[in-house]
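Participant: This is coords_17.pdb, which holds PDB, C-alpha atoms:
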MODEL        1
ATOM      1  CA  MET A 169     102.497  93.378 122.370
ATOM      2  CA  SER A 170     105.935  93.749 123.952
ATOM      3  CA  GLU A 171     107.482  90.493 122.764
ATOM      4  CA  LYS A 172     107.979  88.587 119.602
ATOM      5  CA  SER A 173     105.362  85.997 118.836
ATOM      6  CA  ASN A 174     106.070  82.296 119.208
ATOM      7  CA  VAL A 175     103.594  81.505 116.462
ATOM      8  CA  THR A 176     105.390  79.855 113.539
ATOM      9  CA  PHE A 177     104.402  79.430 109.900
ATOM     10  CA  GLN A 178     106.161  76.883 107.746
ATOM     11  CA  MET A 179     107.073  77.186 104.092
ATOM     12  CA  HIS A 180     108.735  74.710 101.754
ATOM     13  CA  PRO A 181     110.558  75.393  98.484
ATOM     14  CA  ILE A 182     108.458  74.983  95.351
ATOM     15  CA  GLY A 183     111.520  75.466  93.152
ATOM     16  CA  TYR A 184     114.846  77.231  92.769
ATOM     17  CA  VAL A 185     116.388  80.133  90.874
ATOM     18  CA  ARG A 186     119.076  79.075  88.396
ATOM     19  CA  SER A 187     121.446  81.742  87.120
ATOM     20  CA  ASN A 188     124.314  81.277  84.740
ATOM     21  CA  GLY A 189     125.918  84.553  83.771
ATOM     22  CA  ASP A 190     123.192  86.774  82.358
ATOM     23  CA  ARG A 191     120.719  83.921  81.819
ATOM     24  CA  SER A 192     118.290  83.167  84.612
ATOM     25  CA  ARG A 193     115.429  80.770  84.936
ATOM     26  CA  LEU A 194     113.022  79.466  87.516
ATOM     27  CA  GLU A 195     112.992  75.702  88.020
ATOM     28  CA  ILE A 196     109.786  74.416  89.573
ATOM     29  CA  LEU A 197     109.675  71.068  91.407
ATOM     30  CA  GLU A 198     107.523  68.403  89.825
ATOM     31  CA  PRO A 199     104.676  68.261  92.390
ATOM     32  CA  TYR A 200     103.991  71.957  91.839
ATOM     33  CA  ARG A 201     104.038  72.053  88.023
ATOM     34  CA  PRO A 202     100.245  71.718  87.663
ATOM     35  CA  ALA A 203     100.069  75.083  89.460
ATOM     36  CA  MET A 204     101.825  76.688  86.451
ATOM     37  CA  GLU A 205      98.784  76.114  84.191
ATOM     38  CA  ALA A 206      97.902  79.348  82.327
ATOM     39  CA  LEU A 207     100.698  81.347  83.964
ATOM     40  CA  ASP A 208     102.129  81.909  80.487
ATOM     41  CA  ARG A 209      99.040  83.941  79.592
ATOM     42  CA  PHE A 210     100.567  86.673  81.759
ATOM     43  CA  SER A 211     103.703  88.574  80.800
ATOM     44  CA  HIS A 212     105.091  89.014  84.311
ATOM     45  CA  VAL A 213     105.285  86.972  87.473
ATOM     46  CA  ILE A 214     106.029  87.935  91.059
ATOM     47  CA  VAL A 215     108.631  85.503  92.342
ATOM     48  CA  VAL A 216     108.448  85.085  96.122
ATOM     49  CA  TRP A 217     111.812  83.772  97.287
ATOM     50  CA  TRP A 218     113.582  82.994 100.514
ATOM     51  CA  ALA A 219     116.878  84.715 101.313
ATOM     52  CA  SER A 220     118.208  81.520 102.877
ATOM     53  CA  GLN A 221     121.681  82.954 103.461
ATOM     54  CA  LEU A 222     120.129  85.594 105.706
ATOM     55  CA  ASP A 223     117.962  83.222 107.682
ATOM     56  CA  THR A 224     120.019  83.777 110.817
ATOM     57  CA  GLU A 225     119.172  85.195 114.222
ATOM     58  CA  GLU A 226     121.511  88.127 113.633
ATOM     59  CA  ALA A 227     120.154  89.075 110.211
ATOM     60  CA  ARG A 228     116.549  88.677 111.366
ATOM     61  CA  ASN A 229     117.185  91.080 114.222
ATOM     62  CA  LEU A 230     118.506  93.893 112.053
ATOM     63  CA  MET A 231     115.671  96.431 112.089
ATOM     64  CA  GLN A 232     117.264  99.390 110.316
ATOM     65  CA  CYS A 233     119.630  99.863 107.416
ATOM     66  CA  MET A 234     121.246 102.486 105.204
ATOM     67  CA  PRO A 235     119.368 102.365 101.911
ATOM     68  CA  PRO A 236     121.465 102.249  98.711
ATOM     69  CA  TYR A 237     122.118 105.529  96.848
ATOM     70  CA  ALA A 238     120.745 107.460  99.861
ATOM     71  CA  ASP A 239     123.597 109.389 101.353
ATOM     72  CA  GLY A 240     123.452 109.023 105.127
ATOM     73  CA  GLU A 241     119.770 108.147 105.352
ATOM     74  CA  ILE A 242     118.616 105.609 107.915
ATOM     75  CA  ALA A 243     115.509 103.587 107.185
ATOM     76  CA  GLY A 244     113.676 100.717 108.776
ATOM     77  CA  VAL A 245     113.915  97.463 106.874
ATOM     78  CA  PHE A 246     110.197  97.738 106.061
ATOM     79  CA  ALA A 247     111.114 100.908 104.107
ATOM     80  CA  CYS A 248     113.877  99.030 102.265
ATOM     81  CA  ARG A 249     113.988  96.068  99.963
ATOM     82  CA  SER A 250     117.105  94.655 101.536
ATOM     83  CA  PRO A 251     116.796  90.890 102.092
ATOM     84  CA  TYR A 252     117.784  91.492 105.713
ATOM     85  CA  ARG A 253     114.427  91.368 107.496
ATOM     86  CA  PRO A 254     112.610  89.657 110.381
ATOM     87  CA  ASN A 255     111.264  87.084 107.916
ATOM     88  CA  PRO A 256     113.725  86.974 105.001
ATOM     89  CA  VAL A 257     111.115  86.706 102.276
ATOM     90  CA  ALA A 258     111.716  88.705  99.091
ATOM     91  CA  LEU A 259     109.724  89.657  95.988
ATOM     92  CA  SER A 260     110.980  90.068  92.438
ATOM     93  CA  VAL A 261     108.747  91.055  89.531
ATOM     94  CA  CYS A 262     110.098  89.213  86.480
ATOM     95  CA  GLU A 263     109.248  89.249  82.802
ATOM     96  CA  MET A 264     108.827  85.680  81.568
ATOM     97  CA  ILE A 265     110.523  84.834  78.278
ATOM     98  CA  SER A 266     108.733  81.523  77.881
ATOM     99  CA  MET A 267     107.363  78.653  79.944
ATOM    100  CA  ASP A 268     107.759  74.883  79.797
ATOM    101  CA  ALA A 269     105.273  73.574  82.350
ATOM    102  CA  ALA A 270     106.007  69.898  81.660
ATOM    103  CA  ASN A 271     109.604  70.382  82.755
ATOM    104  CA  GLY A 272     108.946  73.168  85.252
ATOM    105  CA  LEU A 273     111.093  75.757  83.479
ATOM    106  CA  ILE A 274     110.529  79.514  83.216
ATOM    107  CA  PRO A 275     113.361  81.552  81.655
ATOM    108  CA  VAL A 276     113.121  85.165  82.844
ATOM    109  CA  GLN A 277     114.652  88.408  81.633
ATOM    110  CA  TYR A 278     116.225  89.178  84.973
ATOM    111  CA  ILE A 279     115.998  88.290  88.646
ATOM    112  CA  ASP A 280     117.928  89.841  91.500
ATOM    113  CA  ALA A 281     118.427  86.535  93.314
ATOM    114  CA  GLU A 282     121.448  84.292  93.300
ATOM    115  CA  ASP A 283     121.799  80.864  91.764
ATOM    116  CA  GLY A 284     120.251  78.284  94.077
ATOM    117  CA  THR A 285     117.852  80.652  95.824
ATOM    118  CA  PRO A 286     114.733  78.793  97.016
ATOM    119  CA  ILE A 287     111.402  79.938  95.563
ATOM    120  CA  VAL A 288     108.359  79.680  97.852
ATOM    121  CA  ASP A 289     105.606  81.005  95.573
ATOM    122  CA  LEU A 290     104.850  82.379  92.121
ATOM    123  CA  LYS A 291     102.062  84.897  91.560
ATOM    124  CA  ALA A 292     100.937  86.205  88.193
ATOM    125  CA  TYR A 293     101.292  90.001  87.993
ATOM    126  CA  PHE A 294      97.823  91.582  87.989
ATOM    127  CA  PRO A 295      97.753  95.324  87.233
ATOM    128  CA  VAL A 296      94.487  95.565  89.208
ATOM    129  CA  SER A 297      96.241  94.634  92.419
ATOM    130  CA  ASP A 298      99.943  95.272  91.789
ATOM    131  CA  ARG A 299     100.309  98.433  89.683
ATOM    132  CA  VAL A 300     100.069 101.783  91.460
ATOM    133  CA  ARG A 301      99.340 104.779  89.243
ATOM    134  CA  GLN A 302     100.603 107.466  91.604
ATOM    135  CA  ALA A 303     103.222 106.181  94.008
ATOM    136  CA  ARG A 304     105.070 108.601  96.269
ATOM    137  CA  VAL A 305     108.657 107.720  97.192
ATOM    138  CA  PRO A 306     111.277 109.469  99.364
ATOM    139  CA  GLU A 307     113.694 111.953  97.870
ATOM    140  CA  TRP A 308     116.491 109.387  97.781
ATOM    141  CA  CYS A 309     114.498 107.265  95.301
ATOM    142  CA  GLN A 310     113.297 110.031  93.050
ATOM    143  CA  ASP A 311     116.041 109.674  90.460
ATOM    144  CA  TRP A 312     115.435 105.947  90.089
ATOM    145  CA  PRO A 313     113.634 104.530  87.056
ATOM    146  CA  GLU A 314     109.876 104.477  87.459
ATOM    147  CA  TRP A 315     109.121 101.162  85.830
ATOM    148  CA  VAL A 316     110.301  97.599  86.132
ATOM    149  CA  GLU A 317     111.326  97.520  82.461
ATOM    150  CA  ASP A 318     113.781 100.327  83.085
ATOM    151  CA  ALA A 319     115.317  98.676  86.122
ATOM    152  CA  HIS A 320     118.363  97.312  84.282
ATOM    153  CA  LEU A 321     119.379 100.883  83.474
ATOM    154  CA  LEU A 322     120.512 101.191  87.074
ATOM    155  CA  GLU A 323     123.227  98.677  86.412
ATOM    156  CA  ILE A 324     124.684 100.177  83.251
TER     157      ILE A 324
ATOM    158  CA  MET B 285     112.808  66.606  91.338
ATOM    159  CA  SER B 286     109.900  64.175  91.661
ATOM    160  CA  GLU B 287     108.991  64.843  95.269
ATOM    161  CA  LYS B 288     108.227  67.740  97.516
ATOM    162  CA  SER B 289     111.155  69.114  99.431
ATOM    163  CA  ASN B 290     111.547  68.500 103.141
ATOM    164  CA  VAL B 291     113.404  71.775 103.536
ATOM    165  CA  THR B 292     111.439  74.096 105.818
ATOM    166  CA  PHE B 293     111.566  77.861 106.289
ATOM    167  CA  GLN B 294     110.054  79.425 109.380
ATOM    168  CA  MET B 295     108.220  82.728 109.621
ATOM    169  CA  HIS B 296     106.735  84.493 112.621
ATOM    170  CA  PRO B 297     104.036  87.179 112.698
ATOM    171  CA  ILE B 298     105.335  90.740 112.820
ATOM    172  CA  GLY B 299     101.811  92.067 113.303
ATOM    173  CA  TYR B 300      98.142  91.602 112.470
ATOM    174  CA  VAL B 301      95.482  93.078 110.208
ATOM    175  CA  ARG B 302      92.640  94.738 112.102
ATOM    176  CA  SER B 303      89.418  95.400 110.237
ATOM    177  CA  ASN B 304      86.266  96.936 111.585
ATOM    178  CA  GLY B 305      83.688  97.508 108.913
ATOM    179  CA  ASP B 306      85.282  99.631 106.220
ATOM    180  CA  ARG B 307      88.190 100.742 108.414
ATOM    181  CA  SER B 308      91.362  98.677 108.291
ATOM    182  CA  ARG B 309      94.733  99.062 109.870
ATOM    183  CA  LEU B 310      97.959  97.188 110.307
ATOM    184  CA  GLU B 311      99.110  96.638 113.891
ATOM    185  CA  ILE B 312     102.817  95.963 114.202
ATOM    186  CA  LEU B 313     104.246  94.156 117.253
ATOM    187  CA  GLU B 314     106.559  96.194 119.431
ATOM    188  CA  PRO B 315     109.889  94.459 118.645
ATOM    189  CA  TYR B 316     109.426  95.232 114.946
ATOM    190  CA  ARG B 317     108.419  98.897 115.204
ATOM    191  CA  PRO B 318     111.949 100.247 114.612
ATOM    192  CA  ALA B 319     111.684  98.619 111.159
ATOM    193  CA  MET B 320     108.886 101.097 110.314
ATOM    194  CA  GLU B 321     111.305 104.051 110.290
ATOM    195  CA  ALA B 322     110.806 106.152 107.116
ATOM    196  CA  LEU B 323     108.095 103.881 105.748
ATOM    197  CA  ASP B 324     105.747 106.863 105.839
ATOM    198  CA  ARG B 325     107.871 108.581 103.197
ATOM    199  CA  PHE B 326     106.282 106.137 100.753
ATOM    200  CA  SER B 327     102.617 106.285  99.766
ATOM    201  CA  HIS B 328     102.075 102.535  99.386
ATOM    202  CA  VAL B 329     103.204  99.396 101.150
ATOM    203  CA  ILE B 330     103.148  95.753 100.096
ATOM    204  CA  VAL B 331     101.681  93.788 102.974
ATOM    205  CA  VAL B 332     102.886  90.186 103.021
ATOM    206  CA  TRP B 333     100.391  88.164 105.015
ATOM    207  CA  TRP B 334      99.735  84.557 105.932
ATOM    208  CA  ALA B 335      96.406  82.964 105.023
ATOM    209  CA  SER B 336      96.385  81.052 108.288
ATOM    210  CA  GLN B 337      92.920  79.599 107.729
ATOM    211  CA  LEU B 338      94.223  77.887 104.602
ATOM    212  CA  ASP B 339      97.367  76.511 106.191
ATOM    213  CA  THR B 340      96.076  72.941 105.895
ATOM    214  CA  GLU B 341      97.353  69.918 104.021
ATOM    215  CA  GLU B 342      94.256  69.912 101.822
ATOM    216  CA  ALA B 343      94.416  73.600 100.870
ATOM    217  CA  ARG B 344      98.169  73.422 100.254
ATOM    218  CA  ASN B 345      97.666  70.547  97.838
ATOM    219  CA  LEU B 346      95.152  72.339  95.636
ATOM    220  CA  MET B 347      97.146  73.100  92.473
ATOM    221  CA  GLN B 348      94.446  74.453  90.175
ATOM    222  CA  CYS B 349      91.397  76.644  90.552
ATOM    223  CA  MET B 350      88.649  78.422  88.630
ATOM    224  CA  PRO B 351      89.628  82.088  88.546
ATOM    225  CA  PRO B 352      86.915  84.617  89.453
ATOM    226  CA  TYR B 353      84.988  86.297  86.632
ATOM    227  CA  ALA B 354      86.499  83.794  84.161
ATOM    228  CA  ASP B 355      83.682  81.645  82.896
ATOM    229  CA  GLY B 356      84.848  78.039  82.878
ATOM    230  CA  GLU B 357      88.580  78.743  82.787
ATOM    231  CA  ILE B 358      90.950  76.520  84.737
ATOM    232  CA  ALA B 359      94.212  78.013  85.965
ATOM    233  CA  GLY B 360      97.068  76.900  88.135
ATOM    234  CA  VAL B 361      97.221  78.609  91.502
ATOM    235  CA  PHE B 362     100.417  80.378  90.380
ATOM    236  CA  ALA B 363      98.255  82.078  87.715
ATOM    237  CA  CYS B 364      95.703  83.091  90.373
ATOM    238  CA  ARG B 365      95.825  85.231  93.464
ATOM    239  CA  SER B 366      93.662  82.871  95.470
ATOM    240  CA  PRO B 367      95.070  82.349  98.982
ATOM    241  CA  TYR B 368      94.894  78.590  98.338
ATOM    242  CA  ARG B 369      98.494  77.762  97.460
ATOM    243  CA  PRO B 370     101.353  75.423  98.407
ATOM    244  CA  ASN B 371     102.666  78.108 100.773
ATOM    245  CA  PRO B 372      99.670  80.275 101.744
ATOM    246  CA  VAL B 373     101.498  83.587 101.589
ATOM    247  CA  ALA B 374      99.622  86.543 100.076
ATOM    248  CA  LEU B 375     100.467  90.069  98.944
ATOM    249  CA  SER B 376      98.316  93.184  99.151
ATOM    250  CA  VAL B 377      99.419  96.573  97.882
ATOM    251  CA  CYS B 378      97.888  99.136 100.257
ATOM    252  CA  GLU B 379      97.767 102.907 100.328
ATOM    253  CA  MET B 380      98.794 104.130 103.770
ATOM    254  CA  ILE B 381      96.600 106.849 105.293
ATOM    255  CA  SER B 382      99.043 107.646 108.084
ATOM    256  CA  MET B 383     101.581 105.971 110.341
ATOM    257  CA  ASP B 384     102.152 105.932 114.097
ATOM    258  CA  ALA B 385     105.451 104.089 114.518
ATOM    259  CA  ALA B 386     105.549 104.486 118.309
ATOM    260  CA  ASN B 387     102.337 102.510 118.638
ATOM    261  CA  GLY B 388     102.855 100.336 115.571
ATOM    262  CA  LEU B 389      99.738 101.514 113.748
ATOM    263  CA  ILE B 390      99.217 102.000 110.008
ATOM    264  CA  PRO B 391      95.649 102.786 108.891
ATOM    265  CA  VAL B 392      95.217 101.780 105.228
ATOM    266  CA  GLN B 393      92.644 102.615 102.583
ATOM    267  CA  TYR B 394      91.792  98.996 101.954
ATOM    268  CA  ILE B 395      93.154  95.491 102.436
ATOM    269  CA  ASP B 396      91.667  92.262 101.157
ATOM    270  CA  ALA B 397      92.513  90.312 104.321
ATOM    271  CA  GLU B 398      90.278  89.479 107.251
ATOM    272  CA  ASP B 399      90.462  90.819 110.765
ATOM    273  CA  GLY B 400      93.158  88.942 112.685
ATOM    274  CA  THR B 401      95.205  87.921 109.657
ATOM    275  CA  PRO B 402      98.904  87.555 110.567
ATOM    276  CA  ILE B 403     101.350  89.860 108.776
ATOM    277  CA  VAL B 404     104.815  88.445 108.069
ATOM    278  CA  ASP B 405     106.474  91.388 106.294
ATOM    279  CA  LEU B 406     105.967  94.939 105.078
ATOM    280  CA  LYS B 407     107.766  96.258 102.008
ATOM    281  CA  ALA B 408     107.639  99.826 100.753
ATOM    282  CA  TYR B 409     106.292 100.005  97.184
ATOM    283  CA  PHE B 410     109.100 100.936  94.818
ATOM    284  CA  PRO B 411     108.012 101.762  91.242
ATOM    285  CA  VAL B 412     111.489 100.706  90.032
ATOM    286  CA  SER B 413     110.886  97.124  91.092
ATOM    287  CA  ASP B 414     107.110  96.777  91.438
ATOM    288  CA  ARG B 415     105.432  98.770  88.665
ATOM    289  CA  VAL B 416     105.193  97.186  85.223
ATOM    290  CA  ARG B 417     104.535  99.578  82.353
ATOM    291  CA  GLN B 418     103.236  97.018  79.860
ATOM    292  CA  ALA B 419     101.737  93.977  81.544
ATOM    293  CA  ARG B 420      99.938  91.359  79.479
ATOM    294  CA  VAL B 421      97.057  89.521  81.130
ATOM    295  CA  PRO B 422      94.689  86.772  79.912
ATOM    296  CA  GLU B 423      91.418  87.622  78.233
ATOM    297  CA  TRP B 424      89.464  86.929  81.407
ATOM    298  CA  CYS B 425      91.246  89.819  83.187
ATOM    299  CA  GLN B 426      91.090  92.357  80.395
ATOM    300  CA  ASP B 427      87.983  94.111  81.656
ATOM    301  CA  TRP B 428      89.422  94.570  85.127
ATOM    302  CA  PRO B 429      90.725  97.951  86.308
ATOM    303  CA  GLU B 430      94.346  98.546  85.391
ATOM    304  CA  TRP B 431      95.506 100.243  88.548
ATOM    305  CA  VAL B 432      95.449  99.575  92.256
ATOM    306  CA  GLU B 433      93.601 102.825  92.934
ATOM    307  CA  ASP B 434      90.713 101.659  90.798
ATOM    308  CA  ALA B 435      90.493  98.275  92.465
ATOM    309  CA  HIS B 436      87.556  99.180  94.689
ATOM    310  CA  LEU B 437      85.456  99.747  91.561
ATOM    311  CA  LEU B 438      85.252  95.989  91.241
ATOM    312  CA  GLU B 439      83.173  95.892  94.384
ATOM    313  CA  ILE B 440      80.606  98.519  93.468
TER     314      ILE B 440
ENDMDL
END
Let me see whether you can do it: turn the structure in this file into structure tokens.
Facilitator:
Amino acid sequence: MSEKSNVTFQMHPIGYVRSNGDRSRLEILEPYRPAMEALDRFSHVIVVWWASQLDTEEARNLMQCMPPYADGEIAGVFACRSPYRPNPVALSVCEMISMDAANGLIPVQYIDAEDGTPIVDLKAYFPVSDRVRQARVPEWCQDWPEWVEDAHLLEI
Amino acid sequence: MSEKSNVTFQMHPIGYVRSNGDRSRLEILEPYRPAMEALDRFSHVIVVWWASQLDTEEARNLMQCMPPYADGEIAGVFACRSPYRPNPVALSVCEMISMDAANGLIPVQYIDAEDGTPIVDLKAYFPVSDRVRQARVPEWCQDWPEWVEDAHLLEI
């Protein structure tokens, strides 16, 4: 238990984030488009993406950070959503505006990932497994919006 | 866009799921324990795990499935939470019972992953980015519980 594991898991991009000003969409590679079937019967999707710019030895070894809007607090990266982490995999819950499965296109309301970011998975948002009724958060998060739909308020 | 990408991203286990009957816990490897700092100030954690038994060419090429409790429906794997997917990465939102960072232990109320499953990331559950107020789901999910806390009712 005292060393890092040599076991390796391999992922490949299934698509890319495209952002152009305030318009964002997910572009899914052709071999994976059959996997989009019926995704448009959900309103939201969890986009699993790879923070490829932080896939470095240095960034992967950063174990603690100073969370945003949390004056002087120190937190482990597992307590943060910073893309600096041992495996730089990130999650964004996105509202889908529409879906064009034939061309692999999903315009979304907003995604906090840059243009060109590789996507490694999409998962329909299921309240039964993803929505927590009573979630406790630290004091430094207690003034934040409580719902995804309100998230853009942070940026105003 | 017509072929799969040769680009590869590498992940390593940061810990393992341990299950023994109805008791489950997350065991985090020593080098990653500093990343647990302050995680216990949250009630819930998103466990990102690797479905290592389905990391096969055949399972990764399955693009559609028959969702559970959905008589005769066909859905793409992106519209399902089946661990069969192009990159067999899975998410489980878990309520933490306690945390022992020194020993890397997090007992959880429940996790839908088998004993020995590799964990690749932990992410504190932030309502601002993870909780959707109004989520639309297909007809076949509309009788399911609407909240994570109720999820165990499905198994009764």
Participant: In Å, how far is it from atom CA of B:Glu321 to atom CA of A:Val296?
Facilitator: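 Those two atoms sit 28.3 Å apart.
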Participant: Once you count only C-alpha atoms, what closest atom pair and distance in Å to one decimal does each residue of chain A within 6 Å of chain B have, with rows by chain and rising residue number, as a tab-separated table?
Facilitator:
residue	atom	partner	partner_atom	distance
A:Met169	CA	B:Leu313	CA	5.5
A:Ser170	CA	B:Glu314	CA	5.2
A:Val175	CA	B:His296	CA	5.8
A:Thr176	CA	B:His296	CA	4.9
A:Phe177	CA	B:Met295	CA	5.1
A:Gln178	CA	B:Gln294	CA	4.9
A:Met179	CA	B:Phe293	CA	5.0
A:His180	CA	B:Thr292	CA	4.9
A:Leu197	CA	B:Met285	CA	5.5
A:Glu198	CA	B:Ser286	CA	5.2
A:Pro202	CA	B:Met347	CA	5.9
A:Ala203	CA	B:Gly360	CA	3.8
A:Met204	CA	B:Gly360	CA	5.1
A:Glu205	CA	B:Gly360	CA	4.4
A:Ala206	CA	B:Ala359	CA	5.4
A:Leu207	CA	B:Ala363	CA	4.5
A:Arg209	CA	B:Pro422	CA	5.2
A:Phe210	CA	B:Val421	CA	4.6
A:Ser211	CA	B:Arg420	CA	4.9
A:Met231	CA	B:Ala319	CA	4.6
A:Gln232	CA	B:Ala319	CA	5.7
A:Ala243	CA	B:Glu321	CA	5.2
A:Gly244	CA	B:Ala319	CA	3.7
A:Val245	CA	B:Ala319	CA	5.0
A:Phe246	CA	B:Lys407	CA	5.0
A:Ala247	CA	B:Leu323	CA	4.5
A:Asn255	CA	B:Met295	CA	5.6
A:Leu290	CA	B:Phe362	CA	5.2
A:Lys291	CA	B:Phe362	CA	5.0
A:Ala292	CA	B:Ala363	CA	4.9
A:Pro295	CA	B:Glu430	CA	5.0
A:Val296	CA	B:Trp431	CA	4.8
A:Ser297	CA	B:Val432	CA	5.0
A:Arg299	CA	B:Arg415	CA	5.2
A:Val300	CA	B:Val432	CA	5.2
A:Arg301	CA	B:Trp431	CA	6.0
A:Ala303	CA	B:Ser327	CA	5.8
A:Arg304	CA	B:Ser327	CA	4.9
A:Val305	CA	B:Phe326	CA	4.6
A:Pro306	CA	B:Arg325	CA	5.2
A:Pro313	CA	B:Val412	CA	5.3
A:Glu314	CA	B:Val412	CA	4.8
A:Trp315	CA	B:Val412	CA	4.8
A:Val316	CA	B:Ser413	CA	5.0
A:Ala319	CA	B:Val412	CA	5.8
Participant: Expand the PyMOL selection byres ((chain A and resi 191) around 10) into the individual residues it matches in the shown file, reporting them as a PDB file with C-alpha atoms, in the coordinates of the input.
Facilitator:
ATOM      1  CA  ARG A 186     119.076  79.075  88.396  1.00  0.00           C
ATOM      2  CA  SER A 187     121.446  81.742  87.120  1.00  0.00           C
ATOM      3  CA  ASN A 188     124.314  81.277  84.740  1.00  0.00           C
ATOM      4  CA  GLY A 189     125.918  84.553  83.771  1.00  0.00           C
ATOM      5  CA  ASP A 190     123.192  86.774  82.358  1.00  0.00           C
ATOM      6  CA  SER A 192     118.290  83.167  84.612  1.00  0.00           C
ATOM      7  CA  ARG A 193     115.429  80.770  84.936  1.00  0.00           C
ATOM      8  CA  PRO A 275     113.361  81.552  81.655  1.00  0.00           C
ATOM      9  CA  VAL A 276     113.121  85.165  82.844  1.00  0.00           C
ATOM     10  CA  GLN A 277     114.652  88.408  81.633  1.00  0.00           C
ATOM     11  CA  TYR A 278     116.225  89.178  84.973  1.00  0.00           C
ATOM     12  CA  ILE A 279     115.998  88.290  88.646  1.00  0.00           C
TER      13      ILE A 279
END
Participant: One number please: atom CA of A:Pro251 to atom CA of A:Ala219, in Å, one decimal.
Facilitator: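 Here the two named atoms are 6.2 Å from each other.
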Participant: What separation in Å, quoted to one decimal, exists between atom CA of A:Tyr184 and atom CA of A:Glu225?
Facilitator: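 Between atom CA of A:Tyr184 and atom CA of A:Glu225 the gap works out to 23.3 Å.
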Participant: To box stretch 185-188 of chain A, take all atoms listed in the file, fit an axis-aligned box, add 6 Å on each side, and give centre and edge lengths in Å to one decimal, as lines of an AutoDock Vina configuration file.
Facilitator:
center_x = 120.4
center_y = 80.4
center_z = 87.8
size_x = 19.9
size_y = 14.7
size_z = 18.1
